[in-house]
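Structure file input18.pdb (PDB, C-alpha atoms and all ligand atoms) follows.
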ATOM      1  CA  MET A   8    -134.002 -52.189-128.499  1.00  0.00           C
ATOM      2  CA  MET A   9    -132.137 -52.189-131.836  1.00  0.00           C
ATOM      3  CA  SER A  10    -133.191 -55.751-132.640  1.00  0.00           C
ATOM      4  CA  LYS A  11    -136.780 -54.632-132.763  1.00  0.00           C
ATOM      5  CA  TYR A  12    -135.878 -52.497-135.779  1.00  0.00           C
ATOM      6  CA  THR A  13    -133.525 -54.754-137.703  1.00  0.00           C
ATOM      7  CA  GLN A  14    -136.413 -56.148-139.739  1.00  0.00           C
ATOM      8  CA  ASP A  15    -137.678 -52.687-140.546  1.00  0.00           C
ATOM      9  CA  PRO A  16    -137.484 -52.383-144.339  1.00  0.00           C
ATOM     10  CA  ASN A  17    -136.911 -48.663-143.896  1.00  0.00           C
ATOM     11  CA  TYR A  18    -133.746 -49.270-141.968  1.00  0.00           C
ATOM     12  CA  ILE A  19    -131.060 -49.838-144.562  1.00  0.00           C
ATOM     13  CA  TYR A  20    -127.902 -49.853-142.420  1.00  0.00           C
ATOM     14  CA  TYR A  21    -126.133 -52.561-140.445  1.00  0.00           C
ATOM     15  CA  GLU A  22    -126.674 -52.039-136.749  1.00  0.00           C
ATOM     16  CA  ASN A  23    -124.679 -49.138-135.324  1.00  0.00           C
ATOM     17  CA  THR A  24    -122.957 -48.370-138.620  1.00  0.00           C
ATOM     18  CA  ASN A  25    -123.460 -46.132-141.623  1.00  0.00           C
ATOM     19  CA  ILE A  26    -122.794 -49.023-143.982  1.00  0.00           C
ATOM     20  CA  PRO A  27    -125.897 -49.922-145.988  1.00  0.00           C
ATOM     21  CA  ILE A  28    -126.985 -53.558-145.789  1.00  0.00           C
ATOM     22  CA  ASN A  29    -125.576 -55.015-148.975  1.00  0.00           C
ATOM     23  CA  LYS A  30    -125.715 -58.188-151.032  1.00  0.00           C
ATOM     24  CA  LEU A  31    -121.991 -58.880-150.589  1.00  0.00           C
ATOM     25  CA  ASN A  32    -122.310 -58.523-146.828  1.00  0.00           C
ATOM     26  CA  ILE A  33    -119.463 -56.020-146.791  1.00  0.00           C
ATOM     27  CA  ARG A  34    -119.075 -54.430-143.352  1.00  0.00           C
ATOM     28  CA  ASN A  35    -115.909 -52.481-143.920  1.00  0.00           C
ATOM     29  CA  HIS A  36    -116.049 -48.815-144.871  1.00  0.00           C
ATOM     30  CA  ASP A  37    -113.075 -48.810-147.247  1.00  0.00           C
ATOM     31  CA  VAL A  38    -114.190 -52.020-148.931  1.00  0.00           C
ATOM     32  CA  ILE A  39    -117.719 -50.757-149.554  1.00  0.00           C
ATOM     33  CA  GLU A  40    -116.381 -47.457-150.902  1.00  0.00           C
ATOM     34  CA  ASP A  41    -114.122 -49.336-153.249  1.00  0.00           C
ATOM     35  CA  GLU A  42    -116.963 -51.545-154.444  1.00  0.00           C
ATOM     36  CA  GLU A  43    -119.191 -48.510-155.028  1.00  0.00           C
ATOM     37  CA  ARG A  44    -116.416 -46.789-156.962  1.00  0.00           C
ATOM     38  CA  LYS A  45    -116.002 -49.809-159.256  1.00  0.00           C
ATOM     39  CA  LEU A  46    -119.733 -50.095-159.875  1.00  0.00           C
ATOM     40  CA  LEU A  47    -120.038 -46.399-160.601  1.00  0.00           C
ATOM     41  CA  THR A  48    -117.252 -46.621-163.184  1.00  0.00           C
ATOM     42  CA  LYS A  49    -119.053 -49.533-164.844  1.00  0.00           C
ATOM     43  CA  GLY A  50    -122.295 -47.549-164.726  1.00  0.00           C
ATOM     44  CA  TYR A  51    -120.632 -44.650-166.530  1.00  0.00           C
ATOM     45  CA  GLU A  52    -119.347 -47.014-169.230  1.00  0.00           C
ATOM     46  CA  TYR A  53    -122.692 -48.757-169.638  1.00  0.00           C
ATOM     47  CA  PHE A  54    -124.783 -45.608-169.936  1.00  0.00           C
ATOM     48  CA  HIS A  55    -122.247 -43.825-172.085  1.00  0.00           C
ATOM     49  CA  LYS A  56    -122.374 -46.679-174.621  1.00  0.00           C
ATOM     50  CA  LYS A  57    -126.143 -46.704-174.475  1.00  0.00           C
ATOM     51  CA  LEU A  58    -126.518 -42.995-175.284  1.00  0.00           C
ATOM     52  CA  SER A  59    -128.239 -42.287-178.572  1.00  0.00           C
ATOM     53  CA  GLU A  60    -130.049 -39.480-180.373  1.00  0.00           C
ATOM     54  CA  SER A  61    -133.308 -40.728-178.928  1.00  0.00           C
ATOM     55  CA  THR A  62    -132.236 -41.085-175.295  1.00  0.00           C
ATOM     56  CA  ALA A  63    -134.883 -39.433-173.131  1.00  0.00           C
ATOM     57  CA  PHE A  64    -133.550 -38.176-169.820  1.00  0.00           C
ATOM     58  CA  ASP A  65    -136.796 -38.875-168.032  1.00  0.00           C
ATOM     59  CA  GLU A  66    -137.618 -40.190-164.579  1.00  0.00           C
ATOM     60  CA  GLN A  67    -137.437 -43.776-165.705  1.00  0.00           C
ATOM     61  CA  TYR A  68    -133.935 -43.158-167.063  1.00  0.00           C
ATOM     62  CA  PHE A  69    -132.900 -41.444-163.828  1.00  0.00           C
ATOM     63  CA  LYS A  70    -134.100 -44.396-161.728  1.00  0.00           C
ATOM     64  CA  GLU A  71    -132.480 -46.795-164.170  1.00  0.00           C
ATOM     65  CA  LEU A  72    -129.098 -45.124-163.614  1.00  0.00           C
ATOM     66  CA  HIS A  73    -129.364 -45.948-159.926  1.00  0.00           C
ATOM     67  CA  ARG A  74    -130.821 -49.435-160.406  1.00  0.00           C
ATOM     68  CA  LYS A  75    -128.481 -50.638-163.119  1.00  0.00           C
ATOM     69  CA  THR A  76    -125.388 -49.210-161.474  1.00  0.00           C
ATOM     70  CA  PHE A  77    -125.965 -50.430-157.933  1.00  0.00           C
ATOM     71  CA  SER A  78    -128.337 -53.407-157.987  1.00  0.00           C
ATOM     72  CA  LYS A  79    -125.442 -55.871-157.629  1.00  0.00           C
ATOM     73  CA  LEU A  80    -124.834 -54.353-154.237  1.00  0.00           C
ATOM     74  CA  TYR A  81    -128.056 -52.883-152.897  1.00  0.00           C
ATOM     75  CA  ALA A  82    -131.660 -54.075-152.721  1.00  0.00           C
ATOM     76  CA  PHE A  83    -132.780 -50.412-152.659  1.00  0.00           C
ATOM     77  CA  ALA A  84    -131.143 -49.706-156.027  1.00  0.00           C
ATOM     78  CA  GLY A  85    -133.504 -47.890-158.378  1.00  0.00           C
ATOM     79  CA  LYS A  86    -136.153 -47.420-155.697  1.00  0.00           C
ATOM     80  CA  TYR A  87    -137.077 -44.178-154.051  1.00  0.00           C
ATOM     81  CA  ARG A  88    -136.658 -43.931-150.301  1.00  0.00           C
ATOM     82  CA  THR A  89    -139.492 -44.623-147.883  1.00  0.00           C
ATOM     83  CA  VAL A  90    -138.152 -42.572-144.971  1.00  0.00           C
ATOM     84  CA  ASN A  91    -137.596 -38.872-144.401  1.00  0.00           C
ATOM     85  CA  ILE A  92    -133.949 -37.862-144.527  1.00  0.00           C
ATOM     86  CA  SER A  93    -131.970 -34.834-143.428  1.00  0.00           C
ATOM     87  CA  LYS A  94    -128.309 -33.932-143.600  1.00  0.00           C
ATOM     88  CA  GLY A  95    -126.900 -31.184-141.429  1.00  0.00           C
ATOM     89  CA  TYR A  96    -129.660 -28.578-141.170  1.00  0.00           C
ATOM     90  CA  SER A  97    -131.236 -29.613-144.472  1.00  0.00           C
ATOM     91  CA  THR A  98    -134.380 -31.728-144.588  1.00  0.00           C
ATOM     92  CA  PHE A  99    -134.987 -33.169-148.031  1.00  0.00           C
ATOM     93  CA  CYS A 100    -138.376 -33.591-149.693  1.00  0.00           C
ATOM     94  CA  GLN A 101    -140.798 -35.380-147.390  1.00  0.00           C
ATOM     95  CA  VAL A 102    -141.592 -38.921-148.434  1.00  0.00           C
ATOM     96  CA  ARG A 103    -145.300 -38.192-148.796  1.00  0.00           C
ATOM     97  CA  PHE A 104    -144.504 -35.561-151.472  1.00  0.00           C
ATOM     98  CA  LEU A 105    -141.639 -37.427-153.125  1.00  0.00           C
ATOM     99  CA  GLU A 106    -143.404 -39.160-156.021  1.00  0.00           C
ATOM    100  CA  GLN A 107    -145.424 -36.091-156.929  1.00  0.00           C
ATOM    101  CA  THR A 108    -142.519 -33.661-156.690  1.00  0.00           C
ATOM    102  CA  SER A 109    -140.335 -35.918-158.792  1.00  0.00           C
ATOM    103  CA  LYS A 110    -143.030 -36.149-161.462  1.00  0.00           C
ATOM    104  CA  GLU A 111    -143.239 -32.344-161.534  1.00  0.00           C
ATOM    105  CA  ILE A 112    -139.486 -31.912-161.943  1.00  0.00           C
ATOM    106  CA  PHE A 113    -139.325 -34.411-164.796  1.00  0.00           C
ATOM    107  CA  LYS A 114    -142.387 -32.919-166.435  1.00  0.00           C
ATOM    108  CA  LYS A 115    -140.599 -29.547-166.558  1.00  0.00           C
ATOM    109  CA  LEU A 116    -137.518 -31.241-167.919  1.00  0.00           C
ATOM    110  CA  GLN A 117    -139.627 -32.879-170.619  1.00  0.00           C
ATOM    111  CA  PHE A 118    -141.016 -29.458-171.629  1.00  0.00           C
ATOM    112  CA  GLU A 119    -137.399 -28.455-172.216  1.00  0.00           C
ATOM    113  CA  ASN A 120    -136.764 -31.501-174.392  1.00  0.00           C
ATOM    114  CA  TYR A 121    -134.661 -32.979-171.537  1.00  0.00           C
ATOM    115  CA  LEU A 122    -131.979 -30.323-172.248  1.00  0.00           C
ATOM    116  CA  ARG A 123    -131.080 -32.060-175.493  1.00  0.00           C
ATOM    117  CA  ASP A 124    -130.771 -28.823-177.481  1.00  0.00           C
ATOM    118  CA  TYR A 125    -127.776 -27.206-175.845  1.00  0.00           C
ATOM    119  CA  SER A 126    -124.945 -28.207-178.162  1.00  0.00           C
ATOM    120  CA  THR A 127    -125.312 -24.953-180.110  1.00  0.00           C
ATOM    121  CA  LYS A 128    -126.082 -22.686-177.160  1.00  0.00           C
ATOM    122  CA  THR A 129    -123.601 -21.033-174.830  1.00  0.00           C
ATOM    123  CA  LYS A 130    -121.944 -22.802-171.945  1.00  0.00           C
ATOM    124  CA  GLU A 131    -123.472 -20.184-169.637  1.00  0.00           C
ATOM    125  CA  GLU A 132    -126.985 -21.029-170.782  1.00  0.00           C
ATOM    126  CA  PHE A 133    -126.330 -24.730-170.382  1.00  0.00           C
ATOM    127  CA  ALA A 134    -124.803 -24.313-166.917  1.00  0.00           C
ATOM    128  CA  ARG A 135    -127.810 -22.215-165.839  1.00  0.00           C
ATOM    129  CA  LYS A 136    -130.221 -24.941-166.859  1.00  0.00           C
ATOM    130  CA  ILE A 137    -128.243 -27.765-165.305  1.00  0.00           C
ATOM    131  CA  ALA A 138    -127.883 -25.760-162.094  1.00  0.00           C
ATOM    132  CA  PHE A 139    -131.638 -25.342-161.854  1.00  0.00           C
ATOM    133  CA  TYR A 140    -132.452 -29.020-162.356  1.00  0.00           C
ATOM    134  CA  MET A 141    -129.533 -30.236-160.333  1.00  0.00           C
ATOM    135  CA  CYS A 142    -130.729 -28.162-157.391  1.00  0.00           C
ATOM    136  CA  GLU A 143    -134.229 -29.536-157.765  1.00  0.00           C
ATOM    137  CA  LEU A 144    -132.933 -33.107-157.671  1.00  0.00           C
ATOM    138  CA  ILE A 145    -130.629 -32.375-154.757  1.00  0.00           C
ATOM    139  CA  ALA A 146    -133.501 -30.989-152.686  1.00  0.00           C
ATOM    140  CA  LEU A 147    -135.571 -34.015-153.711  1.00  0.00           C
ATOM    141  CA  HIS A 148    -132.840 -36.458-152.586  1.00  0.00           C
ATOM    142  CA  PRO A 149    -134.987 -39.364-153.806  1.00  0.00           C
ATOM    143  CA  PHE A 150    -132.801 -42.363-153.002  1.00  0.00           C
ATOM    144  CA  PHE A 151    -131.685 -43.759-149.661  1.00  0.00           C
ATOM    145  CA  GLU A 152    -128.055 -43.373-150.696  1.00  0.00           C
ATOM    146  CA  LEU A 153    -125.877 -42.414-153.683  1.00  0.00           C
ATOM    147  CA  ASN A 154    -127.919 -39.337-154.542  1.00  0.00           C
ATOM    148  CA  GLY A 155    -124.907 -37.131-155.224  1.00  0.00           C
ATOM    149  CA  ARG A 156    -123.236 -39.622-157.503  1.00  0.00           C
ATOM    150  CA  ILE A 157    -126.360 -40.552-159.469  1.00  0.00           C
ATOM    151  CA  THR A 158    -127.385 -36.917-159.902  1.00  0.00           C
ATOM    152  CA  ARG A 159    -123.926 -36.107-161.256  1.00  0.00           C
ATOM    153  CA  LEU A 160    -124.050 -39.191-163.512  1.00  0.00           C
ATOM    154  CA  PHE A 161    -127.416 -38.030-164.851  1.00  0.00           C
ATOM    155  CA  PHE A 162    -126.112 -34.591-165.868  1.00  0.00           C
ATOM    156  CA  ASP A 163    -122.851 -36.066-167.142  1.00  0.00           C
ATOM    157  CA  MET A 164    -124.920 -38.055-169.637  1.00  0.00           C
ATOM    158  CA  ILE A 165    -126.863 -34.921-170.607  1.00  0.00           C
ATOM    159  CA  ALA A 166    -123.546 -33.058-170.971  1.00  0.00           C
ATOM    160  CA  THR A 167    -122.170 -35.834-173.181  1.00  0.00           C
ATOM    161  CA  TYR A 168    -125.304 -35.731-175.309  1.00  0.00           C
ATOM    162  CA  ASN A 169    -124.610 -32.055-175.996  1.00  0.00           C
ATOM    163  CA  GLY A 170    -120.973 -32.553-176.922  1.00  0.00           C
ATOM    164  CA  TYR A 171    -119.386 -31.850-173.550  1.00  0.00           C
ATOM    165  CA  GLU A 172    -116.973 -33.898-171.464  1.00  0.00           C
ATOM    166  CA  TYR A 173    -118.134 -35.267-168.135  1.00  0.00           C
ATOM    167  CA  ILE A 174    -118.459 -32.302-165.789  1.00  0.00           C
ATOM    168  CA  ASP A 175    -115.301 -31.809-163.750  1.00  0.00           C
ATOM    169  CA  TYR A 176    -116.252 -31.624-160.070  1.00  0.00           C
ATOM    170  CA  GLN A 177    -112.754 -32.260-158.770  1.00  0.00           C
ATOM    171  CA  ASP A 178    -112.302 -28.859-157.097  1.00  0.00           C
ATOM    172  CA  ALA A 179    -115.901 -28.741-155.849  1.00  0.00           C
ATOM    173  CA  LEU A 180    -115.665 -32.156-154.200  1.00  0.00           C
ATOM    174  CA  LYS A 181    -112.368 -31.460-152.472  1.00  0.00           C
ATOM    175  CA  ILE A 182    -112.930 -31.406-148.735  1.00  0.00           C
ATOM    176  CA  GLU A 183    -112.095 -28.155-146.986  1.00  0.00           C
ATOM    177  CA  ASP A 184    -112.960 -27.911-143.295  1.00  0.00           C
ATOM    178  CA  GLY A 185    -115.545 -30.686-143.527  1.00  0.00           C
ATOM    179  CA  TYR A 186    -117.770 -29.064-146.142  1.00  0.00           C
ATOM    180  CA  ASN A 187    -116.794 -29.115-149.769  1.00  0.00           C
ATOM    181  CA  LEU A 188    -118.080 -26.592-152.303  1.00  0.00           C
ATOM    182  CA  PHE A 189    -120.567 -29.076-153.711  1.00  0.00           C
ATOM    183  CA  ILE A 190    -122.197 -29.475-150.302  1.00  0.00           C
ATOM    184  CA  LYS A 191    -122.221 -25.698-149.744  1.00  0.00           C
ATOM    185  CA  ALA A 192    -123.922 -25.326-153.113  1.00  0.00           C
ATOM    186  CA  SER A 193    -126.335 -28.131-152.172  1.00  0.00           C
ATOM    187  CA  ILE A 194    -127.300 -26.349-148.959  1.00  0.00           C
ATOM    188  CA  ASP A 195    -128.213 -23.294-151.063  1.00  0.00           C
ATOM    189  CA  CYS A 196    -130.279 -25.551-153.329  1.00  0.00           C
ATOM    190  CA  MET A 197    -132.607 -26.235-150.400  1.00  0.00           C
ATOM    191  CA  THR A 198    -133.915 -22.667-150.745  1.00  0.00           C
ATOM    192  CA  GLY A 199    -133.831 -22.648-154.531  1.00  0.00           C
ATOM    193  CA  GLU A 200    -130.621 -20.616-154.681  1.00  0.00           C
ATOM    194  CA  ASP A 201    -128.565 -22.130-157.471  1.00  0.00           C
ATOM    195  CA  ASN A 202    -125.778 -19.594-158.027  1.00  0.00           C
ATOM    196  CA  LYS A 203    -123.051 -21.572-156.270  1.00  0.00           C
ATOM    197  CA  MET A 204    -124.040 -24.645-158.272  1.00  0.00           C
ATOM    198  CA  TYR A 205    -123.981 -22.554-161.445  1.00  0.00           C
ATOM    199  CA  ARG A 206    -120.389 -21.488-160.704  1.00  0.00           C
ATOM    200  CA  ILE A 207    -119.333 -25.075-160.098  1.00  0.00           C
ATOM    201  CA  LEU A 208    -120.929 -26.180-163.364  1.00  0.00           C
ATOM    202  CA  LEU A 209    -119.547 -23.293-165.369  1.00  0.00           C
ATOM    203  CA  SER A 210    -115.990 -24.121-164.359  1.00  0.00           C
ATOM    204  CA  GLY A 211    -116.595 -27.859-164.730  1.00  0.00           C
ATOM    205  CA  LEU A 212    -118.106 -27.833-168.219  1.00  0.00           C
ATOM    206  CA  LYS A 213    -115.770 -28.299-171.166  1.00  0.00           C
ATOM    207  CA  LYS A 214    -116.645 -29.032-174.787  1.00  0.00           C
ATOM    208  CA  SER A 215    -115.198 -32.309-176.001  1.00  0.00           C
ATOM    209  CA  GLU A 216    -112.747 -32.114-178.905  1.00  0.00           C
TER     210      GLU A 216
HETATM  211  N1  LIG B 301    -126.183 -30.393-145.506  1.00  0.00           N
HETATM  212  C1  LIG B 301    -126.650 -30.653-146.730  1.00  0.00           C
HETATM  213  N2  LIG B 301    -127.661 -29.910-147.236  1.00  0.00           N
HETATM  214  C2  LIG B 301    -128.160 -30.166-148.457  1.00  0.00           C
HETATM  215  N3  LIG B 301    -127.703 -31.128-149.259  1.00  0.00           N
HETATM  216  C3  LIG B 301    -126.694 -31.881-148.806  1.00  0.00           C
HETATM  217  C4  LIG B 301    -126.116 -31.696-147.533  1.00  0.00           C
HETATM  218  N4  LIG B 301    -125.132 -32.623-147.368  1.00  0.00           N
HETATM  219  C5  LIG B 301    -125.106 -33.337-148.506  1.00  0.00           C
HETATM  220  N5  LIG B 301    -126.037 -32.906-149.364  1.00  0.00           N
HETATM  221  C6  LIG B 301    -126.351 -33.426-150.687  1.00  0.00           C
HETATM  222  O1  LIG B 301    -126.535 -34.822-150.587  1.00  0.00           O
HETATM  223  C7  LIG B 301    -125.607 -35.493-151.420  1.00  0.00           C
HETATM  224  C8  LIG B 301    -125.107 -36.732-150.717  1.00  0.00           C
HETATM  225  O2  LIG B 301    -126.141 -37.673-150.722  1.00  0.00           O
HETATM  226  P1  LIG B 301    -125.836 -39.230-150.671  1.00  0.00           P
HETATM  227  O3  LIG B 301    -124.938 -39.533-149.534  1.00  0.00           O
HETATM  228  O4  LIG B 301    -127.129 -39.922-150.811  1.00  0.00           O
HETATM  229  O5  LIG B 301    -125.051 -39.428-152.047  1.00  0.00           O
HETATM  230  P2  LIG B 301    -123.518 -39.691-152.388  1.00  0.00           P
HETATM  231  O6  LIG B 301    -123.480 -40.269-153.754  1.00  0.00           O
HETATM  232  O7  LIG B 301    -122.852 -40.424-151.304  1.00  0.00           O
HETATM  233  O8  LIG B 301    -123.004 -38.191-152.486  1.00  0.00           O
HETATM  234  P3  LIG B 301    -121.552 -37.587-152.589  1.00  0.00           P
HETATM  235  O9  LIG B 301    -120.753 -38.517-153.452  1.00  0.00           O
HETATM  236  O10 LIG B 301    -121.798 -36.249-153.230  1.00  0.00           O
HETATM  237  O11 LIG B 301    -121.045 -37.463-151.189  1.00  0.00           O
HETATM  238  C9  LIG B 301    -124.506 -34.511-151.721  1.00  0.00           C
HETATM  239  O12 LIG B 301    -123.924 -34.737-152.978  1.00  0.00           O
HETATM  240  C10 LIG B 301    -125.237 -33.185-151.678  1.00  0.00           C
HETATM  241  O13 LIG B 301    -125.815 -32.884-152.917  1.00  0.00           O
HETATM  242 MG    MG B 302    -123.089 -40.532-149.297  1.00  0.00          MG
END

Show how you would write the structure in this file as structure tokens.
Ligand SMILES: Nc1ncnc2c1ncn2[C@@H]1O[C@H](COP(=O)(O)OP(=O)(O)OP(=O)(O)O)[C@@H](O)[C@H]1O
Ligand SMILES: [Mg+2]
Amino acid sequence: MMSKYTQDPNYIYYENTNIPINKLNIRNHDVIEDEERKLLTKGYEYFHKKLSESTAFDEQYFKELHRKTFSKLYAFAGKYRTVNISKGYSTFCQVRFLEQTSKEIFKKLQFENYLRDYSTKTKEEFARKIAFYMCELIALHPFFELNGRITRLFFDMIATYNGYEYIDYQDALKIEDGYNLFIKASIDCMTGEDNKMYRILLSGLKKSE
């Protein structure tokens, strides 16, 4: 029964595992996590160096974060998913609305100059804005995998642009009874409630020296 589906391009995991089919043929959970961690660190370095006055935080940039960071490992890097996905009780944006919804989110972001004008505004104002867009992207959940990390990378680059350090999510990502604060905030995002995310961002944002 499974074999019938192994060729399905929508099925990105090795049979009976939650390990995505990968170019290094890694089948071990700890090894794949380690590889992803290394690639993400390199991604941060690469995109940090590449930041300039004219960097536009548009959809192409967002996809590029995913592609550039993870294409050594995953064929789906930089591509939006082609299957519907849910986690817990949350069902993310349906595939048939994905492209359109993404375009709408990034159009709004463009109207706000991609949040590039927040270096002279208050941290509260900045956190409010990030919370809104972060929630939109969380409910979109556009990639097969690595949505949390790429979304955080995206706003870390926007934070850097505005003279902030990378946002500190350490407390929010700490696991307590299975659900960390970031996931609780993400669940709220599904109904457009971004207050928990705002709190996380407010305590995680710090101006760089
Ligand atoms: N039950 C849920 N309801 C809504 N959103 C959720 C739920 N569980 C997880 N999420 C969101 O999905 C993200 C995880 O998606 P994915 O596994 O694709 O990315 P990831 O990079 O592995 O994420 P992370 O590093 O945050 O675990 C979380 O960061 C969170 O934003
Ligand atoms: Mg994950």

Applying 9 Å and all atoms listed in the file, which residues near stretch 142-150 of chain A remain after dropping the ones on its own chain fewer than 5 positions away? List them as a PDB file with C-alpha atoms, in the coordinates of the input.
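Saved result, selection38.pdb, follows:
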ATOM      1  CA  HIS A  73    -129.364 -45.948-159.926  1.00  0.00           C
ATOM      2  CA  PHE A  83    -132.780 -50.412-152.659  1.00  0.00           C
ATOM      3  CA  ALA A  84    -131.143 -49.706-156.027  1.00  0.00           C
ATOM      4  CA  GLY A  85    -133.504 -47.890-158.378  1.00  0.00           C
ATOM      5  CA  LYS A  86    -136.153 -47.420-155.697  1.00  0.00           C
ATOM      6  CA  TYR A  87    -137.077 -44.178-154.051  1.00  0.00           C
ATOM      7  CA  ARG A  88    -136.658 -43.931-150.301  1.00  0.00           C
ATOM      8  CA  THR A  89    -139.492 -44.623-147.883  1.00  0.00           C
ATOM      9  CA  ILE A  92    -133.949 -37.862-144.527  1.00  0.00           C
ATOM     10  CA  SER A  97    -131.236 -29.613-144.472  1.00  0.00           C
ATOM     11  CA  THR A  98    -134.380 -31.728-144.588  1.00  0.00           C
ATOM     12  CA  PHE A  99    -134.987 -33.169-148.031  1.00  0.00           C
ATOM     13  CA  CYS A 100    -138.376 -33.591-149.693  1.00  0.00           C
ATOM     14  CA  GLN A 101    -140.798 -35.380-147.390  1.00  0.00           C
ATOM     15  CA  VAL A 102    -141.592 -38.921-148.434  1.00  0.00           C
ATOM     16  CA  LEU A 105    -141.639 -37.427-153.125  1.00  0.00           C
ATOM     17  CA  GLU A 106    -143.404 -39.160-156.021  1.00  0.00           C
ATOM     18  CA  THR A 108    -142.519 -33.661-156.690  1.00  0.00           C
ATOM     19  CA  SER A 109    -140.335 -35.918-158.792  1.00  0.00           C
ATOM     20  CA  ILE A 112    -139.486 -31.912-161.943  1.00  0.00           C
ATOM     21  CA  ILE A 137    -128.243 -27.765-165.305  1.00  0.00           C
ATOM     22  CA  GLY A 155    -124.907 -37.131-155.224  1.00  0.00           C
ATOM     23  CA  THR A 158    -127.385 -36.917-159.902  1.00  0.00           C
ATOM     24  CA  ALA A 192    -123.922 -25.326-153.113  1.00  0.00           C
ATOM     25  CA  SER A 193    -126.335 -28.131-152.172  1.00  0.00           C
ATOM     26  CA  ILE A 194    -127.300 -26.349-148.959  1.00  0.00           C
ATOM     27  CA  ASP A 195    -128.213 -23.294-151.063  1.00  0.00           C
ATOM     28  CA  CYS A 196    -130.279 -25.551-153.329  1.00  0.00           C
ATOM     29  CA  MET A 197    -132.607 -26.235-150.400  1.00  0.00           C
ATOM     30  CA  THR A 198    -133.915 -22.667-150.745  1.00  0.00           C
ATOM     31  CA  GLY A 199    -133.831 -22.648-154.531  1.00  0.00           C
ATOM     32  CA  GLU A 200    -130.621 -20.616-154.681  1.00  0.00           C
ATOM     33  CA  ASP A 201    -128.565 -22.130-157.471  1.00  0.00           C
ATOM     34  CA  MET A 204    -124.040 -24.645-158.272  1.00  0.00           C
TER      35      MET A 204
END

Grab all the atoms of stretch 98-112 of chain A that the file lists, wrap them in a box along x, y and z, add 4 Å per side, and give me centre plus edge lengths in Å (one decimal) as JSON.
{"center_x": -139.9, "center_y": -35.4, "center_z": -153.3, "size_x": 19.0, "size_y": 15.4, "size_z": 25.4}

Between atom CA of A:Pro27 and atom CA of A:Tyr140, what is the spacing in Å?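 Value for the atom CA of A:Tyr140-atom CA of A:Pro27 distance: 27.3 Å.
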
Give me the residues of chain A that have any atom at most 10 Å from an atom of ligand MG 302 (chain B); for each, the nearest atom pair and the distance in Å, rounded to one decimal. Use all atoms listed in the file, sort by chain and number, and format it as CSV.
residue,atom,partner,partner_atom,distance
A:Asn25,CA,B:MG302,MG,9.5
A:Glu40,CA,B:MG302,MG,9.8
A:Phe151,CA,B:MG302,MG,9.2
A:Glu152,CA,B:MG302,MG,5.9
A:Leu153,CA,B:MG302,MG,5.5
A:Asn154,CA,B:MG302,MG,7.2
A:Gly155,CA,B:MG302,MG,7.1
A:Arg156,CA,B:MG302,MG,8.3

To one decimal place in Å, what is the distance between atom CA of A:Ile39 and atom CA of A:Ile26?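 Distance reported for this atom pair: 7.7 Å.
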
Explicit residues for the PyMOL selection byres (((chain A and resi 208) around 8) and not hetatm) (as a VMD selection string): chain A and resid 134 137 to 138 174 to 176 204 to 207 209 to 212

Pull the closest atom pair for each residue of stretch 138-200 of chain A that gets at most 8 Å from stretch 48-70 of chain A, along with the distance in Å to one decimal, counting all atoms listed in the file, ordering rows by chain and then ascending residue number, as a Markdown table.
| residue | atom | partner | partner_atom | distance |
| --- | --- | --- | --- | --- |
| A:Ile157 | CA | A:Phe69 | CA | 7.9 |
| A:Leu160 | CA | A:Tyr51 | CA | 7.1 |
| A:Phe161 | CA | A:Phe69 | CA | 6.5 |
| A:Met164 | CA | A:His55 | CA | 6.8 |
| A:Ile165 | CA | A:Phe64 | CA | 7.5 |
| A:Tyr168 | CA | A:Leu58 | CA | 7.4 |

If I take atom C1 of ligand LIG 301 (chain B) and atom CA of A:Gln177, how far is one from the other in Å, to one decimal?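 Answer for the atom C1 of ligand LIG 301 (chain B) to atom CA of A:Gln177 separation: 18.5 Å.
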
Take stretch 76-84 of chain A, model N, CA and C atoms, and hand the result over as a PDB file, in the coordinates of the input.
ATOM      1  N   THR A  76    -126.738 -49.397-161.999  1.00  0.00           N
ATOM      2  CA  THR A  76    -125.388 -49.210-161.474  1.00  0.00           C
ATOM      3  C   THR A  76    -125.180 -49.925-160.137  1.00  0.00           C
ATOM      4  N   PHE A  77    -126.196 -49.939-159.292  1.00  0.00           N
ATOM      5  CA  PHE A  77    -125.965 -50.430-157.933  1.00  0.00           C
ATOM      6  C   PHE A  77    -126.776 -51.653-157.501  1.00  0.00           C
ATOM      7  N   SER A  78    -127.494 -52.277-158.420  1.00  0.00           N
ATOM      8  CA  SER A  78    -128.337 -53.407-157.987  1.00  0.00           C
ATOM      9  C   SER A  78    -127.542 -54.651-157.606  1.00  0.00           C
ATOM     10  N   LYS A  79    -126.287 -54.750-158.063  1.00  0.00           N
ATOM     11  CA  LYS A  79    -125.442 -55.871-157.629  1.00  0.00           C
ATOM     12  C   LYS A  79    -125.157 -55.790-156.138  1.00  0.00           C
ATOM     13  N   LEU A  80    -125.235 -54.577-155.620  1.00  0.00           N
ATOM     14  CA  LEU A  80    -124.834 -54.353-154.237  1.00  0.00           C
ATOM     15  C   LEU A  80    -126.024 -54.102-153.301  1.00  0.00           C
ATOM     16  N   TYR A  81    -126.994 -53.329-153.795  1.00  0.00           N
ATOM     17  CA  TYR A  81    -128.056 -52.883-152.897  1.00  0.00           C
ATOM     18  C   TYR A  81    -129.471 -53.247-153.350  1.00  0.00           C
ATOM     19  N   ALA A  82    -130.252 -53.746-152.435  1.00  0.00           N
ATOM     20  CA  ALA A  82    -131.660 -54.075-152.721  1.00  0.00           C
ATOM     21  C   ALA A  82    -132.472 -52.801-152.993  1.00  0.00           C
ATOM     22  N   PHE A  83    -132.019 -51.661-152.463  1.00  0.00           N
ATOM     23  CA  PHE A  83    -132.780 -50.412-152.659  1.00  0.00           C
ATOM     24  C   PHE A  83    -132.414 -49.708-153.971  1.00  0.00           C
ATOM     25  N   ALA A  84    -131.559 -50.335-154.760  1.00  0.00           N
ATOM     26  CA  ALA A  84    -131.143 -49.706-156.027  1.00  0.00           C
ATOM     27  C   ALA A  84    -132.339 -49.457-156.934  1.00  0.00           C
TER      28      ALA A  84
END
